[in-house]
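**Student:** I have a structure here, written as structure tokens, and I will follow up with some questions on it.
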Amino acid sequence: RHGLKNLKLERRNLLDLAGAPERFDLIVCTGVLHHMEQPDEGLRALASVLAPHGVLYGMVYADGRRAGVYFLQDMFRRLGLKQEPADIKCAREVLKALPAHHYLRGFLPHPDSIDDADLVDIFLHPQDRAFSVEGVLDLVARAGLMFQGWDDNGLYAREVHVDPSSPLWARLDHVSPEAEWSIVDDFALATGRHTFMARHPHATPPWRISFESNGWLNYRPVRHPGLLPLGGGRFRRGRYEFTRTPVEEAMLHLADGETSIKTIAERLRQPASLAERRALARGFFALMWRVGHLFMRTG
């Protein structure tokens with residue numbers, strides 16, 4: 001259809017990849033591992049064919065918001081429902097009749113809006129498990145990979161979900177980033193899936209963004225493609241909407257993926273001193289990265 005000449009399609013058992021000679025710069029594996037009997041084996045097979053500098057982009061179900069799904073999966077199994085038209089119709093009628101307080105409502109407010117394929121995948125799949133944040137990190141580590149980051153940092157950021165005046169915010173100052181991700185996920189229940197990146201432990205360039213050393217000056221921030229300017233310093237990205245000062249708005253507009261933070265700070269008209277502008281840029285870009293509105297190019 002698209003005239004692609006460098007595309008090869010194969011239908012294979014994922015586990016057969018283990019030890020195969022191929023090496024891939026990018027592996028995308030979404031909606032697969034959580035349906036496997038042994039997700040660890042699946043991810044290890046993928047890791048074995050990931051190129052030394054490659055990136056694995058994965059997605060698994062998140063456990064926090066799926067409690068209602070598993071109650072219904074259990075109920076449908078006890079009823080003997082199969083992936084057949086009459087049973088799918090029965091499941092759909094049951095979903096329509098759910099009480100307003102059922103846990104599923106938080107995950108799927110309008111269950112009658114999904115098509116039959118999604119209904120089968122969510123409720124009648126023979127094998128399905130979900131992961132906590134800690135479960136994702138353990139899954140990656142057991143595969144011999146290094147966790148690189150989330151597809152959307154904002155789902156796990158206190159700045160998005162926690163009131164700075166609350167005692168929870170203060171307590172988060174004393175935990176590791178990984179613990180903060182878990183705590184915020186438990187608190188906010190903001191997602192039904194965990195989408196992440198992983199690499200080999202010794203991959204180059206460095207696998208994790210950090211604003212703790214001078215390397216951040218050479219980062220080239222790039223706006224999330226879903227970040228939309230609304231005018232008057234207001235921006236929106238999906239469910240997130242926020243307002244920034246004129247200086248911060250200028251920095252966002254300069255985040256084109258080509259201009260370094262060092263250069264952006266030099267181009268600002270205020271504050272007066274370069275040291276103050278760099279400090280302002282560091283805090284702002286670190287925050288925008290933490291909440292997922294910006295990515296950082298390092299190479």
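How things are named: the first chain in the structure tokens is A, the next is B, and so on; residues count from 1 in each chain; ligands count from 1 in the order shown.
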Pick out the residues sitting within 12 Å of Cys90 of chain A, and hand them over as a VMD selection string; count only C-alpha atoms, and ignore anything fewer than 3 positions along from it in its own chain.
**Tutor:** chain A and resid 76 79 to 87 93 to 97 116 119 to 120 123 to 124
**Student:** Sort by chain and increasing residue number a table of all residues of segment 107-169 of chain A within 12 Å of segment 227-248 of chain A, each with its closest pair of atoms and their distance in Å to one decimal, counting only C-alpha atoms, and write it as CSV.
**Tutor:**
residue,atom,partner,partner_atom,distance
A:Asp152,CA,A:Arg237,CA,10.9
A:Gly154,CA,A:Tyr240,CA,8.8
A:Leu155,CA,A:Tyr240,CA,10.3
A:Glu159,CA,A:Tyr240,CA,11.4
A:Val160,CA,A:Tyr240,CA,8.2
A:His161,CA,A:Tyr240,CA,10.5
**Student:** Could you take the residues named above and write them with C-alpha atoms, as a CSV table (one decimal), in the first residue's frame?
**Tutor:**
chain,number,residue,atom,x,y,z
A,152,ASP,CA,5.1,9.8,29.7
A,154,GLY,CA,3.9,13.0,33.8
A,155,LEU,CA,2.0,9.9,34.8
A,159,GLU,CA,4.2,17.9,40.3
A,160,VAL,CA,1.2,16.7,38.2
A,161,HIS,CA,-0.7,14.7,40.8
**Student:** Give the answer as one residue: which of A:Ser260, A:Asn153, A:Ser132, A:Ser213 has the shortest atom-to-atom distance to His34 of chain A, using only C-alpha atoms?
**Tutor:**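 Once distances to His34 of chain A are computed over only C-alpha atoms, the minimum belongs to A:Ser132.
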**Student:** So which residues touch segment 183-194 of chain A within 7 Å, counting only C-alpha atoms, skipping near sequence neighbours fewer than 6 positions away, as a ChimeraX atom specification?
**Tutor:** /A:59-62,64-66,155-158,161
**Student:** Any chance you can output those residues with C-alpha atoms as a tab-separated table (two decimals), in the first residue's frame?
**Tutor:**
chain	number	residue	atom	x	y	z
A	59	MET	CA	3.96	-1.64	27.24
A	60	VAL	CA	2.29	-3.82	29.85
A	61	TYR	CA	-0.96	-3.45	31.73
A	62	ALA	CA	-0.86	-1.41	34.95
A	64	GLY	CA	-3.86	-0.06	39.79
A	65	ARG	CA	-6.94	0.62	37.66
A	66	ARG	CA	-7.66	-2.92	36.47
A	155	LEU	CA	1.95	9.90	34.83
A	156	TYR	CA	4.46	9.33	37.66
A	157	ALA	CA	5.38	12.91	38.62
A	158	ARG	CA	4.35	14.45	41.92
A	161	HIS	CA	-0.70	14.72	40.85
**Student:** Pull the helix (DSSP H, G or I) assignments for segment 115-168 of chain A out of DSSP run on the backbone, and list those residues as a list in words.
**Tutor:**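 Of segment 115-168 of chain A, the ones in helix (DSSP H, G or I) are Asp116, Ala117, Asp118, Leu119, Val120, Asp121, Ile122, Phe123, Val133, Glu134, Gly135, Val136, Leu137, Asp138, Leu139, Val140, Ala141, Arg142, Asn153, Gly154, Leu155, Tyr156, Arg158, Glu159, Val160, His161, Pro167 and Leu168 of chain A.
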**Student:** Create the file for the chosen residues now, containing C-alpha atoms and written as an mmCIF file, in the first residue's frame.
**Tutor:**
data_model
loop_
_atom_site.group_PDB
_atom_site.id
_atom_site.type_symbol
_atom_site.label_atom_id
_atom_site.label_comp_id
_atom_site.auth_asym_id
_atom_site.auth_seq_id
_atom_site.Cartn_x
_atom_site.Cartn_y
_atom_site.Cartn_z
ATOM 1 C CA ASP A 116 -16.185 -6.843 20.209
ATOM 2 C CA ALA A 117 -12.412 -7.219 19.671
ATOM 3 C CA ASP A 118 -11.637 -4.963 22.641
ATOM 4 C CA LEU A 119 -14.277 -6.671 24.773
ATOM 5 C CA VAL A 120 -12.686 -10.052 24.112
ATOM 6 C CA ASP A 121 -9.178 -8.719 24.744
ATOM 7 C CA ILE A 122 -10.127 -7.082 28.050
ATOM 8 C CA PHE A 123 -12.579 -9.569 29.542
ATOM 9 C CA VAL A 133 5.674 0.168 38.798
ATOM 10 C CA GLU A 134 7.971 -2.004 40.889
ATOM 11 C CA GLY A 135 6.888 -5.015 38.839
ATOM 12 C CA VAL A 136 7.914 -3.273 35.609
ATOM 13 C CA LEU A 137 11.316 -2.332 37.014
ATOM 14 C CA ASP A 138 11.871 -5.911 38.236
ATOM 15 C CA LEU A 139 10.763 -7.340 34.871
ATOM 16 C CA VAL A 140 13.300 -5.157 33.052
ATOM 17 C CA ALA A 141 16.095 -6.010 35.498
ATOM 18 C CA ARG A 142 15.445 -9.760 35.287
ATOM 19 C CA ASN A 153 6.904 10.991 32.818
ATOM 20 C CA GLY A 154 3.861 13.027 33.822
ATOM 21 C CA LEU A 155 1.951 9.903 34.835
ATOM 22 C CA TYR A 156 4.458 9.327 37.662
ATOM 23 C CA ARG A 158 4.353 14.446 41.921
ATOM 24 C CA GLU A 159 4.244 17.859 40.250
ATOM 25 C CA VAL A 160 1.242 16.672 38.236
ATOM 26 C CA HIS A 161 -0.700 14.721 40.849
ATOM 27 C CA PRO A 167 2.206 15.985 53.761
ATOM 28 C CA LEU A 168 2.679 13.478 50.938
#
**Student:** Excluding Glu258 of chain A and residues on its chain fewer than 4 positions from it, collect all residues at most 10 Å away from it, counting only C-alpha atoms, and give them as a PyMOL selection string.
**Tutor:** chain A and resi 219-222+254+297
**Student:** If you count only C-alpha atoms, which residues fall within 8 Å of segment 276-278 of chain A, apart from same-chain ones fewer than 5 positions away, as a ChimeraX atom specification?
**Tutor:** /A:262,265-266,268,270-271
**Student:** Would you mind reading off the distance between atom CA of Cys29 of chain A and atom CA of Leu50 of chain A, one decimal, in Å?
**Tutor:** 12.0 Å
**Student:** Using only C-alpha atoms, which of the listed residues (A:Met75, A:Leu9, A:Ala67, A:Ala143) sits closest to Leu46 of chain A?
**Tutor:** A:Ala143
**Student:** Write out as number ranges by chain each polymer residue whose atoms come within 7 Å of Gly149 of chain A, counting only C-alpha atoms; drop sequence neighbours fewer than 2 positions from it.
**Tutor:** A: 147, 151, 196-197
**Student:** How would the residues just chosen look if you wrote them out with N, CA and C atoms as a PDB file, in the first residue's frame?
**Tutor:**
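Written file, selection_10.pdb:
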ATOM      1  N   PHE A 147      16.439  -0.008  32.950  1.00  0.00           N
ATOM      2  CA  PHE A 147      15.287   0.851  32.723  1.00  0.00           C
ATOM      3  C   PHE A 147      15.764   2.239  32.340  1.00  0.00           C
ATOM      4  N   ASP A 151       7.403   6.451  28.879  1.00  0.00           N
ATOM      5  CA  ASP A 151       6.929   7.151  27.691  1.00  0.00           C
ATOM      6  C   ASP A 151       6.341   8.512  28.069  1.00  0.00           C
ATOM      7  N   PHE A 196       7.217   2.046  28.628  1.00  0.00           N
ATOM      8  CA  PHE A 196       8.569   2.338  29.099  1.00  0.00           C
ATOM      9  C   PHE A 196       9.605   2.067  28.025  1.00  0.00           C
ATOM     10  N   MET A 197      10.834   2.551  28.277  1.00  0.00           N
ATOM     11  CA  MET A 197      11.987   2.264  27.429  1.00  0.00           C
ATOM     12  C   MET A 197      13.054   1.560  28.260  1.00  0.00           C
TER      13      MET A 197
END
**Student:** Residues within 12 Å of Pro201 of chain A, please, as a PDB file with C-alpha atoms, in the first residue's frame. Count only C-alpha atoms; anything in the same chain fewer than 5 positions from it doesn't count.
**Tutor:**
ATOM      1  CA  ALA A  47      16.770  -8.514  24.999  1.00  0.00           C
ATOM      2  CA  LEU A  50      18.469  -5.966  20.956  1.00  0.00           C
ATOM      3  CA  ALA A  51      21.495  -4.269  19.409  1.00  0.00           C
ATOM      4  CA  PRO A  52      24.158  -3.018  21.872  1.00  0.00           C
ATOM      5  CA  HIS A  53      23.046   0.592  21.299  1.00  0.00           C
ATOM      6  CA  GLY A  54      19.378  -0.278  20.759  1.00  0.00           C
ATOM      7  CA  VAL A  55      16.226   0.667  22.638  1.00  0.00           C
ATOM      8  CA  VAL A 140      13.300  -5.157  33.052  1.00  0.00           C
ATOM      9  CA  ALA A 141      16.095  -6.010  35.498  1.00  0.00           C
ATOM     10  CA  ALA A 143      15.817  -9.520  31.507  1.00  0.00           C
ATOM     11  CA  GLY A 144      19.326  -8.084  32.000  1.00  0.00           C
ATOM     12  CA  LEU A 145      18.272  -4.651  30.776  1.00  0.00           C
ATOM     13  CA  MET A 146      18.452  -1.171  32.306  1.00  0.00           C
ATOM     14  CA  PHE A 147      15.287   0.851  32.723  1.00  0.00           C
ATOM     15  CA  GLN A 148      15.677   4.096  30.747  1.00  0.00           C
ATOM     16  CA  PRO A 206      24.404   7.597  28.728  1.00  0.00           C
ATOM     17  CA  TRP A 207      21.079   5.972  29.394  1.00  0.00           C
ATOM     18  CA  ARG A 208      19.531   8.410  31.860  1.00  0.00           C
TER      19      ARG A 208
END
**Student:** Among segment 117-292 of chain A, which residues does DSSP mark as strand (DSSP E or B) when it is run on the backbone? Keep the chain and numbering as in the structure and answer as a VMD selection string.
**Tutor:** chain A and resid 131 146 to 150 193 to 199 220 to 223 228 to 231 234 to 237 240 to 243 256
**Student:** Can you work out which one of A:Leu14, A:Leu56, A:Leu217, A:Ala91 has the shortest atom-to-atom distance to Met296 of chain A, counting only C-alpha atoms?
**Tutor:**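 For Met296 of chain A, the nearest of the given residues is A:Leu217.
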**Student:** Report, in Å to a single decimal, how far apart atom CA of Arg12 of chain A and atom CA of Tyr70 of chain A are.
**Tutor:**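 Separating atom CA of Tyr70 of chain A from atom CA of Arg12 of chain A is a distance of 29.2 Å.
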